[in-house]
Every structure is written in C-alpha cells, then in structure tokens.
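Here is the structure we will look at.
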Amino acid sequence: MKTKRSKYLLIGLTIFCFVLIIVTSFKDGILEPLRTGVGYVLVPLQTGVNALGNGIYTEYRDYTHLKTALAENERLKEEVAGLIEENNRLQSGQFELNRLRELYQLDQTYMQYDKIGARIIAKDSGDWFQVFRVNKGSADGVEVDNNVIAGGGLVGIVTDVGANYATVRSIIDDSSRVSAMAMQSGDRCIVAGDLTLFEEGRLRITNITKNGDVKEGDQIITSNISSKFLPGILIGYAADVTMDPERLTKSGYLIPVANFDNLQEVLIIIGTKSTGDEEAKAGEGAGS
C-alpha cells in the first residue's frame with residue numbers, strides 16, 4: 001500500500017515538473033523572472049523526484065526480494081516437514097523391524113513350543129501393560145491359560161478368549177503368581193506381581209527355602225511343577241536375596257526380562273500346561 005501511494009506521488013511530481021519545464025522553455029523577456037524563480041524551485045524539486053524515484057525503486061526491489069524470500073522459506077518449510085515425516089516413517093519401520101527380530105529370536109529360543117504372533121490392540125488404564133487385549137482369539141487356536149511371551153521371556157497368561165481377541169494378564173499384575181525356580185540350582189520360588197513395587201522396575205520373589213541356592217543375578221525361569229505355566233521360560237533375574245526375619249525362608253526381588261512399558265507385539269504359545277500333561281499321560285499309558 002505504501003509503495004502504491006509513493007508511485008502516485010511520483011507521477012504527480014513528474015507531471016508538475018514537466019509543466020514547469022514547458023513554462024521555462026519560453027524565451028519571452030516577460031517570463032524571464034518566472035524562469036529564474038522556477039529554476040530555484042525546479043532544481044531541488046527534480047532532485048527530490050529523483051530521490052523519491054530511487055527510493056520507490058529500492059523499496060519495490062526490496063519488496064520483490066522479500067516476496068521471493070518468503071516463498072522460498074515456505075518451500076523450505078514444506079520440504080523440511082516432508083523430510084521429518086519421511087524420517088519418522090523410516091524410524092518407525094526400523095523400530096518395528098527390531099521388535100520383530102526380537103520376537104523371531106524368542107521364537108527360536110523356545111522352538112519346542114508352537115506359537116502365534118499377536119498385536120496388542122487395547123490395555124487397561126495405567127502406565128504399564130498389566131492387563132491387555134490382543135487381536136488373536138479362538139479362531140486362531142488361542143485358548144485360556146495359553147502362555148504369552150515377548151521381549152526375551154514371559155509376559156503373562158491368557159485369561160479370556162473371544163473369536164478374534166484374547167485378554168492377557170501379565171506377571172506384574174497384583175493378582176499374578178508364577179511358580180518359578182532358579183535355573184542354576186533348580187531351587188524353587190514364587191514370583192509375585194506387585195504394581196506398586198514395579199514402579200521401581202522389580203517384582204517380589206518369595207518362598208525360597210532356607211537352604212535354597214538363589215543368589216544375585218540368577219536366571220529365574222518357570223518351574224516344571226507349575227500348574228499353568230510351561231517350564232523353562234525365562235522370567236527375569238534375581239536381586240537382593242536375603243533371609244526372612246523368621247529365618248525359615250528367603251525372599252528377594254526379580255528384574256523382569258520383558259518390557260512392560262511399551263509392549264506392542266507378543267507371541268502366544270498354542271497349547272496349555274494341562275494339555276501337555278494330558279498328552280504326556282496318554283503317551284505313558286500307550287507305552288506301558
């Protein structure tokens with residue numbers, strides 16, 4: 001708007017100067033004083049017009065450069081946004097690939113069990129995945145008491161099944177109890193869920209016999225005498241094992257191997273502990 005007003009002013013001054021130049025071009029002696037007076041007015045006026053013209057040109061040039069710079073800035077912003085989106089997509093793909101690699105390695109570790117992959121589709125309110133739902137159900141062969149693994153070891157157990165979904169209670173839930181043992185010694189213990197304690201990233205280990213050999217850093221796995229959990233699945237690592245005040249048992253803590261902050265995919269072991277026991281008994285009967 002400012003440039004437009006300046007342009008109109010320049011045009012007006014130019015016309016005025018043109019009229020003055022015409023007037024001073026007459027050679028009549030009567031007009032000599034007028035030509036002299038006009039000279040005093042015209043010279044500074046022309047200088048002002050030239051300065052105004054140069055200012056308008058500079059202003060217009062700067063305005064054009066500014067428009068070009070703004071347009072380039074917007075283009076660069078769009079380009080940066082596109083690059084950020086592409087980078088986020090690539091990172092997301094890399095994270096997913098890493099998770100699938102971990103599941104594959106876990107699948108290879110427990111090759112003795114048939115498994116099916118599932119994606120988590122819902123969870124209870126709270127920071128952790130103590131109870132969650134997956135997108136596989138009875139139509140996929142999932143049933144109640146199927147063991148669930150991820151992130152290197154045991155996550156939980158299936159408690160409810162629909163045709164196309166299943167609900168899983170994780171080992172960190174307050175109601176969870178897992179019969180376990182130290183892999184190194186075979187001494188048994190109980191891994192108890194405790195959401196309050198899990199704020200420190202730990203669970204409770206209880207019921208270690210007085211002479212039980214469970215010590216710092218021992219691998220804690222599911223016990224072969226568990227009624228619902230299949231044997232030999234890594235749960236975590238023992239920590240701070242001490243004698244209880246009554247000096248009849250020991251207790252301590254467990255650092256879970258699975259990450260309950262950010263579960264996205266899990267493996268469900270098809271078949272239950274009771275099914276396996278029944279098949280074993282049937283095999284023993286057939287063999288005798």
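Residue numbering restarts at 1 in every chain; chains get A, B, ... in the order shown in the structure tokens, and ligands count up from 1 in that same order.
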I want to know what sits within 10 Å of Thr222 (chain A), based on only C-alpha atoms, with residues of the same chain fewer than 4 positions away left out; could you give that as a list in words?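 So, after excluding close chain neighbours, the residues are Gly153, Leu154, Val178, Ser179, Ala180, Met181, Ala182, Met183, Arg188, Cys189, Ile190, Val191, Ser226, Lys228, Phe229, Leu230, Pro231, Gly232, Ile233, Leu234, Ile235 and Gly236 of chain A.
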Contact residues around Ala163 (chain A) with only C-alpha atoms at 7 Å, ignoring same-chain residues under 3 positions, as an mmCIF file with C-alpha atoms, in the first residue's frame:
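Generated output (out31.cif):
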```
data_model
loop_
_atom_site.group_PDB
_atom_site.id
_atom_site.type_symbol
_atom_site.label_atom_id
_atom_site.label_comp_id
_atom_site.auth_asym_id
_atom_site.auth_seq_id
_atom_site.Cartn_x
_atom_site.Cartn_y
_atom_site.Cartn_z
ATOM 1 C CA GLY A 137 -8.597 -65.444 19.538
ATOM 2 C CA SER A 138 -10.227 -68.855 19.442
ATOM 3 C CA ALA A 139 -10.490 -68.698 15.633
#
```
Could you write out, as a compact mmCIF listing (two decimals) with N, CA and C atoms, in the first residue's frame, all the residues of region 159-228 of chain A that DSSP marks as alpha helix (DSSP H)?
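Saved to part_5.txt:
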```txt
# COMPACT_ATOMS: atom_id res chain seq x y z
N LEU A 195 2.16 -54.12 41.46
CA LEU A 195 2.23 -52.90 40.65
C LEU A 195 2.93 -51.76 41.39
N THR A 196 2.74 -51.70 42.70
CA THR A 196 3.42 -50.65 43.47
C THR A 196 4.92 -50.86 43.45
N LEU A 197 5.34 -52.10 43.68
CA LEU A 197 6.77 -52.41 43.65
C LEU A 197 7.34 -52.24 42.24
N PHE A 198 6.51 -52.50 41.23
CA PHE A 198 7.01 -52.41 39.85
C PHE A 198 7.33 -50.98 39.44
```
I'd like the interatomic distance between CA of Ser227 (chain A) and CA of Val241 (chain A), to a tenth of an Å. 25.1 Å
Residue with smallest distance to Gln184 (chain A) - pool A:Ile220, A:Val161, A:Thr206, A:Gly201, counting only C-alpha atoms: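 Checking each of A:Ile220, A:Val161, A:Thr206, A:Gly201 against Gln184 (chain A), counting only C-alpha atoms, the winner is A:Ile220.
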Using only C-alpha atoms, find the one residue out of A:Val142, A:Ile270, A:Glu216, A:Asp174 that sits nearest to Asp160 (chain A).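 Of A:Val142, A:Ile270, A:Glu216, A:Asp174, the one nearest Asp160 (chain A) is A:Val142, counting only C-alpha atoms.
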Set the distance at 8 Å and use only C-alpha atoms: which residues neighbour Ile255 (chain A) once local chain neighbours fewer than 3 positions away are removed? I'd like the list as a VMD selection string. chain A and resid 201 to 203 236 to 239
Going by DSSP on the backbone, which residues of region 48-254 of chain A come out as strand (DSSP E)? List them as a ChimeraX atom specification. /A:115-123,131-134,147-150,153-161,166-170,177-182,188-192,203-209,219-222,234-243,249-254
State, in Å with one decimal place, the distance from CA of Glu102 (chain A) to CA of Ile269 (chain A).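 These two atoms are separated by 15.8 Å.
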Pick out the residues sitting within 12 Å of Ile121 (chain A), and hand them over as a list in words; count only C-alpha atoms, and ignore anything fewer than 4 positions along from it in its own chain.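 The filter keeps Phe129, Val131, Phe132, Arg133, Val134, Asn135, Lys136, Asn164, Tyr165, Ala166, Thr167, Val168, Leu263, Gln264, Glu265 and Val266 of chain A.
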Show me, as an MDAnalysis selection string, the residues that have an atom within 9 Å of Arg204 (chain A) when counting only C-alpha atoms, minus same-chain residues fewer than 6 positions from it. chainID A and resid 190:194 197 251:254
Of the candidates A:Asn73, A:Ile268, A:Ser274, A:Arg99, which shows the shortest atom-to-atom distance to Ile116 (chain A), using only C-alpha atoms? A:Ile268
Restricting the calculation to only C-alpha atoms, which member of A:Ser176, A:Asp213, A:Leu267, A:Gly126 is positioned closest to Tyr110 (chain A)? A:Leu267
Provide the CA of Leu103 (chain A) to CA of Gly152 (chain A) distance in Å, to one decimal place. 7.9 Å
